[in-house]
Amino acid sequence: MNTAAAHRDNIVGHESGRIFLVVVDDSEELGGTIRYTCNRAKHTGGRVALLYVIDMEQEKEFQHWLGVGNLMEQEAHVAAQNVLNHHAQKIIKDSGAEPIKFIRKGKTREELFALVNEHPEISILVLGSAPGEKPGPLVEAVTGKYAGQLGIPATVVPGALSEDEVDRLT
C-alpha cells in the first residue's frame, strides 16, 4: 500500500473524522498553536495532523552536482522527521493520539493547498499568528488573497496567548 493510501485509511478509520491540520515551522507561536489544536482535538474526539514543508530552493543551486543535491534532500527529510517526531511526543501526551504526519517538498502555501485538496478528511486548518504587526505570510495568505481557495475553515491562534489563555479558550 502506498503512503497516501495508508494515510487515508489511517485518517478515515478515526472515530470522528475531524482532522485539525497544523503547519509546522520554526515560529515562536507554534507551541501555542499546537496546544490549542491538541485541546480542540481532545475535546471533540478529533485528531491532529502535522504538515512540514521542506523548501528545497537551495537544492536548485546544486543541481549540477547531483550527489550534493540528493544528500541535501535526504538531510532535509531526516531533519523534518525529527522535528515532527519531537512535536508528536507532546501531541500524544496532550491529545491522547498519535498525530498524522505529512512531509512535502516545495513552497508552503502551494503544498498546504494541495494537501487539503488531496485529503478531504482534513477539516480545519489551525495557524498561529505571529505577535506584532504582521501575522505571518501563511496567515496573510489564507485570510487574505487566497481566503476563498482553501476549501476548509482556518482558525488563527494569536501568538501572544499564554498556555492558561489557550486552555481557557478551548
# chains A, B, ... in the order shown; residues from 1 in each chain; ligands from 1
call {"tool": "residues_around", "arguments": {"residues": "Lys93 in chain A", "least_positions_apart": "5", "cutoff": "10 Å", "atoms": "only C-alpha atoms", "output": "list in words"}}
result
Cys38, Ala88 and Glu98 of chain A
call {"tool": "write_last_selection", "arguments": {"atoms": "C-alpha atoms", "output": "compact mmCIF listing (two decimals), in the first residue's frame"}}
result
# COMPACT_ATOMS: atom_id res chain seq x y z
CA CYS A 38 -4.46 19.36 20.93
CA ALA A 88 4.43 14.30 18.13
CA GLU A 98 -0.54 9.94 17.58
call {"tool": "closest_atom_pairs", "arguments": {"of": "range 20-125 of chain A", "to": "range 134-153 of chain A", "cutoff": "8 Å", "atoms": "only C-alpha atoms", "output": "CSV"}}
result
residue,atom,partner,partner_atom,distance
A:Thr108,CA,A:Leu138,CA,7.9
A:Arg109,CA,A:Leu138,CA,6.6
A:Phe113,CA,A:Leu150,CA,6.0
A:Val116,CA,A:Leu150,CA,7.4
A:Asn117,CA,A:Gly151,CA,7.8
A:Ile122,CA,A:Ile152,CA,8.0
A:Ser123,CA,A:Ile152,CA,5.9
A:Ile124,CA,A:Pro153,CA,5.3
A:Leu125,CA,A:Pro153,CA,6.3
call {"tool": "atom_distance", "arguments": {"atom1": "CA of Met56 in chain A", "atom2": "CA of Val78 in chain A"}}
result
13.6 Å
call {"tool": "select_by_dssp", "arguments": {"residues": "range 22-152 of chain A", "states": "helix (DSSP H, G or I)", "output": "PyMOL selection string"}}
result
chain A and resi 30-44+57-61+66-95+108-118+137-143+147-149
call {"tool": "write_last_selection", "arguments": {"atoms": "C-alpha atoms", "output": "PDB file, in the first residue's frame"}}
result
ATOM      1  CA  LEU A  30       3.879  27.181  17.055  1.00  0.00           C
ATOM      2  CA  GLY A  31       3.807  25.991  20.678  1.00  0.00           C
ATOM      3  CA  GLY A  32       0.548  27.805  21.425  1.00  0.00           C
ATOM      4  CA  THR A  33      -0.922  26.650  18.133  1.00  0.00           C
ATOM      5  CA  ILE A  34      -0.150  23.015  18.909  1.00  0.00           C
ATOM      6  CA  ARG A  35      -1.562  23.365  22.436  1.00  0.00           C
ATOM      7  CA  TYR A  36      -4.784  24.900  21.073  1.00  0.00           C
ATOM      8  CA  THR A  37      -5.074  22.172  18.441  1.00  0.00           C
ATOM      9  CA  CYS A  38      -4.457  19.356  20.935  1.00  0.00           C
ATOM     10  CA  ASN A  39      -7.122  20.744  23.273  1.00  0.00           C
ATOM     11  CA  ARG A  40      -9.648  21.061  20.441  1.00  0.00           C
ATOM     12  CA  ALA A  41      -8.894  17.554  19.162  1.00  0.00           C
ATOM     13  CA  LYS A  42      -9.135  16.035  22.633  1.00  0.00           C
ATOM     14  CA  HIS A  43     -12.422  17.796  23.478  1.00  0.00           C
ATOM     15  CA  THR A  44     -14.081  16.938  20.156  1.00  0.00           C
ATOM     16  CA  GLU A  57      15.288  26.285  -3.140  1.00  0.00           C
ATOM     17  CA  GLN A  58      18.913  25.773  -2.122  1.00  0.00           C
ATOM     18  CA  GLU A  59      18.919  22.396  -3.862  1.00  0.00           C
ATOM     19  CA  LYS A  60      18.407  24.143  -7.204  1.00  0.00           C
ATOM     20  CA  GLU A  61      21.803  25.788  -6.802  1.00  0.00           C
ATOM     21  CA  LEU A  66      23.549  15.672  -8.351  1.00  0.00           C
ATOM     22  CA  GLY A  67      25.171  13.954  -5.361  1.00  0.00           C
ATOM     23  CA  VAL A  68      25.184  17.153  -3.304  1.00  0.00           C
ATOM     24  CA  GLY A  69      21.545  17.857  -4.158  1.00  0.00           C
ATOM     25  CA  ASN A  70      20.493  14.322  -3.221  1.00  0.00           C
ATOM     26  CA  LEU A  71      22.378  14.480   0.057  1.00  0.00           C
ATOM     27  CA  MET A  72      20.796  17.836   0.894  1.00  0.00           C
ATOM     28  CA  GLU A  73      17.336  16.408   0.196  1.00  0.00           C
ATOM     29  CA  GLN A  74      17.982  13.348   2.370  1.00  0.00           C
ATOM     30  CA  GLU A  75      19.282  15.502   5.223  1.00  0.00           C
ATOM     31  CA  ALA A  76      16.288  17.831   4.949  1.00  0.00           C
ATOM     32  CA  HIS A  77      13.901  14.864   5.077  1.00  0.00           C
ATOM     33  CA  VAL A  78      15.610  13.437   8.190  1.00  0.00           C
ATOM     34  CA  ALA A  79      15.510  16.868   9.838  1.00  0.00           C
ATOM     35  CA  ALA A  80      11.794  17.174   9.010  1.00  0.00           C
ATOM     36  CA  GLN A  81      11.088  13.740  10.509  1.00  0.00           C
ATOM     37  CA  ASN A  82      12.992  14.700  13.664  1.00  0.00           C
ATOM     38  CA  VAL A  83      11.017  17.936  14.049  1.00  0.00           C
ATOM     39  CA  LEU A  84       7.694  16.143  13.540  1.00  0.00           C
ATOM     40  CA  ASN A  85       8.655  13.372  15.965  1.00  0.00           C
ATOM     41  CA  HIS A  86       9.612  15.979  18.566  1.00  0.00           C
ATOM     42  CA  HIS A  87       6.205  17.666  18.297  1.00  0.00           C
ATOM     43  CA  ALA A  88       4.435  14.298  18.132  1.00  0.00           C
ATOM     44  CA  GLN A  89       5.567  13.431  21.666  1.00  0.00           C
ATOM     45  CA  LYS A  90       3.801  16.485  23.083  1.00  0.00           C
ATOM     46  CA  ILE A  91       0.742  15.898  20.915  1.00  0.00           C
ATOM     47  CA  ILE A  92       0.423  12.298  22.117  1.00  0.00           C
ATOM     48  CA  LYS A  93       0.707  13.472  25.719  1.00  0.00           C
ATOM     49  CA  ASP A  94      -1.748  16.363  25.323  1.00  0.00           C
ATOM     50  CA  SER A  95      -4.329  14.914  22.925  1.00  0.00           C
ATOM     51  CA  THR A 108       4.478  26.054   1.903  1.00  0.00           C
ATOM     52  CA  ARG A 109       1.276  27.685   0.654  1.00  0.00           C
ATOM     53  CA  GLU A 110       1.185  25.604  -2.516  1.00  0.00           C
ATOM     54  CA  GLU A 111       1.840  22.351  -0.659  1.00  0.00           C
ATOM     55  CA  LEU A 112      -0.733  23.208   2.035  1.00  0.00           C
ATOM     56  CA  PHE A 113      -3.455  23.836  -0.541  1.00  0.00           C
ATOM     57  CA  ALA A 114      -2.516  20.672  -2.459  1.00  0.00           C
ATOM     58  CA  LEU A 115      -2.603  18.566   0.719  1.00  0.00           C
ATOM     59  CA  VAL A 116      -6.035  19.872   1.725  1.00  0.00           C
ATOM     60  CA  ASN A 117      -7.286  19.194  -1.810  1.00  0.00           C
ATOM     61  CA  GLU A 118      -5.863  15.640  -1.797  1.00  0.00           C
ATOM     62  CA  PRO A 137       2.852  35.032   5.356  1.00  0.00           C
ATOM     63  CA  LEU A 138       0.695  31.909   5.641  1.00  0.00           C
ATOM     64  CA  VAL A 139      -1.889  33.614   7.865  1.00  0.00           C
ATOM     65  CA  GLU A 140      -1.946  36.561   5.449  1.00  0.00           C
ATOM     66  CA  ALA A 141      -2.422  34.179   2.512  1.00  0.00           C
ATOM     67  CA  VAL A 142      -5.329  32.157   3.942  1.00  0.00           C
ATOM     68  CA  THR A 143      -7.118  35.171   5.420  1.00  0.00           C
ATOM     69  CA  ALA A 147      -9.070  33.030   1.591  1.00  0.00           C
ATOM     70  CA  GLY A 148     -11.723  31.563  -0.674  1.00  0.00           C
ATOM     71  CA  GLN A 149      -9.451  28.933  -2.210  1.00  0.00           C
TER      72      GLN A 149
END
call {"tool": "closest_atom_pairs", "arguments": {"of": "range 48-114 of chain A", "to": "range 15-28 of chain A", "cutoff": "8 Å", "atoms": "only C-alpha atoms", "output": "tab-separated table"}}
result
residue	atom	partner	partner_atom	distance
A:Val48	CA	A:Phe20	CA	4.9
A:Ala49	CA	A:Leu21	CA	4.7
A:Leu50	CA	A:Val22	CA	5.0
A:Leu51	CA	A:Val23	CA	4.8
A:Tyr52	CA	A:Val24	CA	5.2
A:Val53	CA	A:Val24	CA	7.8
A:Leu84	CA	A:Val24	CA	7.8
A:Leu112	CA	A:Val23	CA	8.0
call {"tool": "write_last_selection", "arguments": {"atoms": "C-alpha atoms", "output": "tab-separated table (two decimals), in the first residue's frame"}}
result
chain	number	residue	atom	x	y	z
A	48	VAL	CA	-4.09	16.38	14.98
A	49	ALA	CA	-2.23	16.29	11.67
A	50	LEU	CA	1.12	17.98	11.10
A	51	LEU	CA	2.48	19.31	7.81
A	52	TYR	CA	6.16	20.06	7.40
A	53	VAL	CA	7.18	21.57	4.07
A	84	LEU	CA	7.69	16.14	13.54
A	112	LEU	CA	-0.73	23.21	2.04
call {"tool": "select_by_dssp", "arguments": {"residues": "range 46-139 of chain A", "states": "strand (DSSP E)", "output": "ChimeraX atom specification"}}
result
/A:47-54,100-105,122-129
call {"tool": "atom_distance", "arguments": {"atom1": "CA of Val157 in chain A", "atom2": "CA of Gly128 in chain A"}}
result
4.7 Å
call {"tool": "atom_distance", "arguments": {"atom1": "CA of Gly45 in chain A", "atom2": "CA of Ala154 in chain A"}}
result
18.5 Å
